[in-house]
Amino acid sequence: MIRWDRSRYERTWLILSRAITVGIAYVSTQFIPGSTSSFVAIFTSLLSFDLFVAMARPPLRPSDWEQFFEALRPRILSTAITLGKGVLVGAVIGICAILGLPYWIGAVLTSGLAYVWALNTRHAISTFVSVIAGLSLYERLSHLEAVETLAIVKESAAAIALSTGGTFTALVMGWSVGLLTGGLTRLFLSRPYRSLKSAAYELPLEMRPFNEVVHVGERSLVASATVEEGAPLAYRSLAESGLKEKWGTTILSIKRDGEEIVMPKGTTVLLPGDQVMLLTERDQSPAMLDQFRAQNAGEQADSRR
């Protein structure tokens, strides 16, 4: 007798539904005037889709819909900021084109600067929003024959209105597509499915890269060391070690005999064989790590001076 594997069926259905969601979102943007990027619709469709299939129950309460819009809010803001950056670049380079800047140089500067600037936008959906918005305004301004304030303002307003209207229409369209396909998909799933790759929610702390959980900065690093017999720090307490005062080092944990001491106190004594995880200054790390290694009598005397 063949056993029906529902979990395999559900995962296949989920993958197929996500693919269809992306396709519908992409096609829906093709007829939107002024849309700067189909990725706006694709991203928001997947965002709402993943939120819907991850819910334990249908979104009937106001708090459930608040969750949807709370996930969308930073993306709307980032889209507006990204679009604004492109428009600003296009306006500046467009005015330079009116004043005599060669067309091809202006196009290179507009697309390049808009793209690079958009990369720094948090929660940015697509850098193409900035690039296309910037080029749209640049094209309009570069074809003006004279520097007239009224003409520049008029062309800028028309380009901004077209890009803004088209972009946010695509955003709403994608969001609606995701809600529709996500709702239909959820009807055929026995349980919620939470994709850890989805941008609809942050990864749990235990699944994030270490440098995202502990922000050590450019001047610091996390390192591990083993206390060797005969090392300057062997048999000394953390308070006596001078690690913090002299080396700018903090002991995060000590592994000893299969047990781990997290954030040890100053009275904790370092013993040979201890495996130590520490946060230290990058420039001081080579000399500091030497304190965990066995040294001869002369080197020990020098290290204590």
# chains A, B, ... in the order shown; residues from 1 in each chain; ligands from 1
call {"tool": "residues_around", "arguments": {"residues": "Phe69 in chain A", "least_positions_apart": "4", "cutoff": "12 Å", "atoms": "only C-alpha atoms", "output": "ChimeraX atom specification"}}
result
/A:44,47-48,51,62-65,73-76,172,175,179,200
call {"tool": "write_last_selection", "arguments": {"atoms": "C-alpha atoms", "output": "compact mmCIF listing (two decimals), in the first residue's frame"}}
result
# COMPACT_ATOMS: atom_id res chain seq x y z
CA THR A 44 6.23 42.88 -1.90
CA LEU A 47 6.56 39.47 1.49
CA SER A 48 2.78 39.33 1.87
CA LEU A 51 3.44 36.36 5.95
CA PRO A 62 -7.08 43.86 13.63
CA SER A 63 -3.79 42.82 15.24
CA ASP A 64 -3.23 40.32 12.43
CA TRP A 65 -3.54 43.03 9.79
CA ARG A 73 5.84 50.08 6.34
CA PRO A 74 9.69 50.12 6.29
CA ARG A 75 9.66 48.89 2.68
CA ILE A 76 7.36 51.72 1.62
CA VAL A 172 0.41 47.97 -4.07
CA TRP A 175 1.18 43.35 -2.17
CA LEU A 179 -2.28 38.39 -0.29
CA ALA A 200 8.96 39.03 5.99
call {"tool": "residues_around", "arguments": {"residues": "range 23-29 of chain A", "least_positions_apart": "5", "cutoff": "12 Å", "atoms": "only C-alpha atoms", "output": "PyMOL selection string"}}
result
chain A and resi 16-18+34-49+166-181
call {"tool": "residues_around", "arguments": {"residues": "range 80-85 of chain A", "least_positions_apart": "3", "cutoff": "9 Å", "atoms": "only C-alpha atoms", "output": "list in words"}}
result
Thr36, Arg75, Ile76, Leu77, Leu88, Val89, Gly90, Ala114, Trp117, Ala118, Leu119, Thr121, Ala124, Ile125, Ser126, Thr127, Phe128, Val129, Ser130, Val131, Ile132, Ala133, Gly134, Ile160, Ser163, Thr164, Thr167 and Phe168 of chain A
call {"tool": "write_last_selection", "arguments": {"atoms": "N, CA and C atoms", "output": "CSV table (one decimal), in the first residue's frame"}}
result
chain,number,residue,atom,x,y,z
A,36,THR,N,9.2,51.9,-12.0
A,36,THR,CA,10.7,52.0,-12.1
A,36,THR,C,11.3,50.6,-12.1
A,75,ARG,N,9.4,49.1,4.1
A,75,ARG,CA,9.7,48.9,2.7
A,75,ARG,C,9.1,50.0,1.9
A,76,ILE,N,7.9,50.5,2.3
A,76,ILE,CA,7.4,51.7,1.6
A,76,ILE,C,8.3,52.9,1.8
A,77,LEU,N,8.8,53.1,3.0
A,77,LEU,CA,9.6,54.2,3.3
A,77,LEU,C,10.9,54.1,2.6
A,88,LEU,N,17.1,63.1,-7.1
A,88,LEU,CA,18.0,64.1,-6.8
A,88,LEU,C,19.2,64.0,-7.7
A,89,VAL,N,19.8,62.8,-7.9
A,89,VAL,CA,20.9,62.7,-8.8
A,89,VAL,C,20.6,63.1,-10.2
A,90,GLY,N,19.4,62.6,-10.7
A,90,GLY,CA,19.0,63.0,-12.0
A,90,GLY,C,18.8,64.4,-12.2
A,114,ALA,N,23.3,57.0,-8.8
A,114,ALA,CA,22.0,56.6,-8.3
A,114,ALA,C,22.1,55.2,-7.7
A,117,TRP,N,24.4,55.1,-4.4
A,117,TRP,CA,23.7,55.8,-3.3
A,117,TRP,C,22.5,54.9,-2.8
A,118,ALA,N,21.8,54.3,-3.7
A,118,ALA,CA,20.7,53.4,-3.3
A,118,ALA,C,21.1,52.2,-2.5
A,119,LEU,N,22.3,51.7,-2.7
A,119,LEU,CA,22.8,50.6,-2.0
A,119,LEU,C,22.8,50.8,-0.5
A,121,THR,N,20.6,52.3,1.3
A,121,THR,CA,19.3,52.5,1.8
A,121,THR,C,18.8,51.2,2.6
A,124,ALA,N,16.0,48.5,1.4
A,124,ALA,CA,15.8,48.8,0.0
A,124,ALA,C,15.3,47.6,-0.8
A,125,ILE,N,14.2,47.8,-1.6
A,125,ILE,CA,13.6,46.7,-2.3
A,125,ILE,C,14.4,46.5,-3.6
A,126,SER,N,14.8,47.6,-4.3
A,126,SER,CA,15.5,47.4,-5.5
A,126,SER,C,16.3,48.7,-5.8
A,127,THR,N,17.5,48.6,-6.2
A,127,THR,CA,18.3,49.8,-6.5
A,127,THR,C,17.9,50.3,-7.9
A,128,PHE,N,17.2,49.5,-8.7
A,128,PHE,CA,16.7,49.9,-10.0
A,128,PHE,C,15.7,51.1,-9.9
A,129,VAL,N,15.0,51.1,-8.7
A,129,VAL,CA,14.1,52.2,-8.5
A,129,VAL,C,14.8,53.5,-8.6
A,130,SER,N,16.0,53.6,-7.9
A,130,SER,CA,16.8,54.8,-8.0
A,130,SER,C,17.3,55.1,-9.3
A,131,VAL,N,17.9,54.1,-10.0
A,131,VAL,CA,18.5,54.2,-11.3
A,131,VAL,C,17.5,54.7,-12.3
A,132,ILE,N,16.4,54.0,-12.4
A,132,ILE,CA,15.4,54.4,-13.5
A,132,ILE,C,14.8,55.7,-13.2
A,133,ALA,N,14.5,56.0,-12.0
A,133,ALA,CA,13.9,57.3,-11.6
A,133,ALA,C,14.9,58.4,-12.0
A,134,GLY,N,16.2,58.2,-11.7
A,134,GLY,CA,17.2,59.2,-12.0
A,134,GLY,C,17.4,59.4,-13.5
A,160,ILE,N,8.9,63.2,-11.7
A,160,ILE,CA,8.7,62.7,-10.3
A,160,ILE,C,7.3,62.1,-10.2
A,163,SER,N,7.2,58.7,-12.1
A,163,SER,CA,8.0,57.6,-11.4
A,163,SER,C,7.3,57.2,-10.1
A,164,THR,N,6.9,58.2,-9.3
A,164,THR,CA,6.3,57.9,-8.0
A,164,THR,C,5.0,57.2,-8.1
A,167,THR,N,5.7,53.6,-9.5
A,167,THR,CA,6.4,52.7,-8.5
A,167,THR,C,5.5,52.3,-7.4
A,168,PHE,N,4.7,53.2,-6.8
A,168,PHE,CA,3.9,52.8,-5.7
A,168,PHE,C,2.6,52.1,-6.2
call {"tool": "closest_residue", "arguments": {"among": "A:Gly182, A:Pro232, A:Pro102, A:Gly242", "to": "Phe292 in chain A", "atoms": "only C-alpha atoms"}}
result
A:Pro232
call {"tool": "residues_around", "arguments": {"residues": "Glu228 in chain A", "least_positions_apart": "2", "cutoff": "7 Å", "atoms": "only C-alpha atoms", "output": "PDB file with N, CA and C atoms, in the first residue's frame"}}
result
ATOM      1  N   THR A 226      43.583  29.057  23.904  1.00  0.00           N
ATOM      2  CA  THR A 226      43.699  28.025  24.927  1.00  0.00           C
ATOM      3  C   THR A 226      44.816  28.397  25.882  1.00  0.00           C
ATOM      4  N   GLY A 230      52.349  27.257  31.815  1.00  0.00           N
ATOM      5  CA  GLY A 230      53.492  28.158  31.749  1.00  0.00           C
ATOM      6  C   GLY A 230      53.191  29.489  31.100  1.00  0.00           C
ATOM      7  N   ALA A 231      51.933  29.719  30.714  1.00  0.00           N
ATOM      8  CA  ALA A 231      51.543  31.006  30.129  1.00  0.00           C
ATOM      9  C   ALA A 231      51.458  32.066  31.225  1.00  0.00           C
ATOM     10  N   PRO A 272      45.343  26.062  33.044  1.00  0.00           N
ATOM     11  CA  PRO A 272      45.833  25.452  31.810  1.00  0.00           C
ATOM     12  C   PRO A 272      44.783  24.512  31.216  1.00  0.00           C
ATOM     13  N   GLY A 273      44.597  24.609  29.906  1.00  0.00           N
ATOM     14  CA  GLY A 273      43.598  23.804  29.212  1.00  0.00           C
ATOM     15  C   GLY A 273      42.282  24.529  28.999  1.00  0.00           C
ATOM     16  N   PHE A 292      48.498  33.920  26.497  1.00  0.00           N
ATOM     17  CA  PHE A 292      47.897  32.609  26.726  1.00  0.00           C
ATOM     18  C   PHE A 292      48.841  31.469  26.372  1.00  0.00           C
ATOM     19  N   ARG A 293      49.997  31.793  25.799  1.00  0.00           N
ATOM     20  CA  ARG A 293      50.935  30.768  25.359  1.00  0.00           C
ATOM     21  C   ARG A 293      52.065  30.607  26.376  1.00  0.00           C
ATOM     22  N   ALA A 294      52.636  29.396  26.424  1.00  0.00           N
ATOM     23  CA  ALA A 294      53.752  29.120  27.340  1.00  0.00           C
ATOM     24  C   ALA A 294      54.957  29.949  26.934  1.00  0.00           C
TER      25      ALA A 294
END
call {"tool": "residues_around", "arguments": {"residues": "Trp247 in chain A", "least_positions_apart": "4", "cutoff": "10 Å", "atoms": "only C-alpha atoms", "output": "list in words"}}
result
Ser241, Gly242, Leu243, Thr280, Glu281, Asp283, Gln284, Ser285, Ala287, Met288 and Leu289 of chain A
call {"tool": "atom_distance", "arguments": {"atom1": "CA of Val269 in chain A", "atom2": "CA of Pro286 in chain A"}}
result
22.1 Å
call {"tool": "atom_distance", "arguments": {"atom1": "CA of Thr21 in chain A", "atom2": "CA of Asp50 in chain A"}}
result
10.5 Å
call {"tool": "residues_around", "arguments": {"residues": "Glu155 in chain A", "least_positions_apart": "3", "cutoff": "9 Å", "atoms": "only C-alpha atoms", "output": "mmCIF file with C-alpha atoms, in the first residue's frame"}}
result
data_model
loop_
_atom_site.group_PDB
_atom_site.id
_atom_site.type_symbol
_atom_site.label_atom_id
_atom_site.label_comp_id
_atom_site.auth_asym_id
_atom_site.auth_seq_id
_atom_site.Cartn_x
_atom_site.Cartn_y
_atom_site.Cartn_z
ATOM 1 C CA LEU A 137 14.492 62.852 -14.984
ATOM 2 C CA ARG A 140 13.906 65.027 -19.682
ATOM 3 C CA LEU A 141 16.288 67.707 -18.492
ATOM 4 C CA LEU A 150 10.097 77.171 -14.993
ATOM 5 C CA ALA A 151 10.901 74.539 -17.616
ATOM 6 C CA ILE A 152 13.217 72.661 -15.249
ATOM 7 C CA ALA A 158 6.308 65.506 -14.444
ATOM 8 C CA ALA A 159 9.117 62.964 -14.104
ATOM 9 C CA ILE A 160 8.700 62.685 -10.332
#
call {"tool": "select_by_dssp", "arguments": {"residues": "range 60-251 of chain A", "states": "strand (DSSP E or B)", "output": "tab-separated table (two decimals) with C-alpha atoms, in the first residue's frame"}}
result
chain	number	residue	atom	x	y	z
A	220	SER	CA	37.53	44.84	17.49
A	221	LEU	CA	37.38	41.13	16.86
A	222	VAL	CA	36.23	37.94	18.56
A	223	ALA	CA	38.94	35.32	19.03
A	224	SER	CA	39.50	32.05	20.86
A	225	ALA	CA	42.58	30.92	22.75
A	226	THR	CA	43.70	28.03	24.93
A	237	SER	CA	42.26	35.48	38.19
A	250	THR	CA	36.80	41.06	27.64
A	251	ILE	CA	36.43	37.34	28.35
call {"tool": "closest_residue", "arguments": {"among": "A:Thr249, A:Thr185, A:Gln291, A:Ser136", "to": "Met55 in chain A", "atoms": "only C-alpha atoms"}}
result
A:Thr185
call {"tool": "closest_residue", "arguments": {"among": "A:Lys154, A:His123, A:Arg8, A:Arg57", "to": "Gly183 in chain A", "atoms": "only C-alpha atoms"}}
result
A:Arg57
call {"tool": "select_by_dssp", "arguments": {"residues": "range 90-250 of chain A", "states": "alpha helix (DSSP H)", "output": "ChimeraX atom specification"}}
result
/A:90-98,103-119,128-142,149-187,210-213,238-241,243-247
call {"tool": "residues_around", "arguments": {"residues": "Ala107 in chain A", "least_positions_apart": "2", "cutoff": "10 Å", "atoms": "only C-alpha atoms", "output": "NGL selection string"}}
result
:A and (90 or 93-94 or 97 or 102-105 or 109-113 or 134-135 or 138-139 or 142)
call {"tool": "closest_residue", "arguments": {"among": "A:Leu72, A:Arg11, A:Gly100, A:Phe31", "to": "Tyr193 in chain A", "atoms": "only C-alpha atoms"}}
result
A:Arg11
call {"tool": "atom_distance", "arguments": {"atom1": "CA of Arg61 in chain A", "atom2": "CA of Trp13 in chain A"}}
result
26.8 Å
call {"tool": "closest_residue", "arguments": {"among": "A:Ile98, A:Ala71, A:Ile32, A:Val92", "to": "Phe52 in chain A", "atoms": "only C-alpha atoms"}}
result
A:Ala71
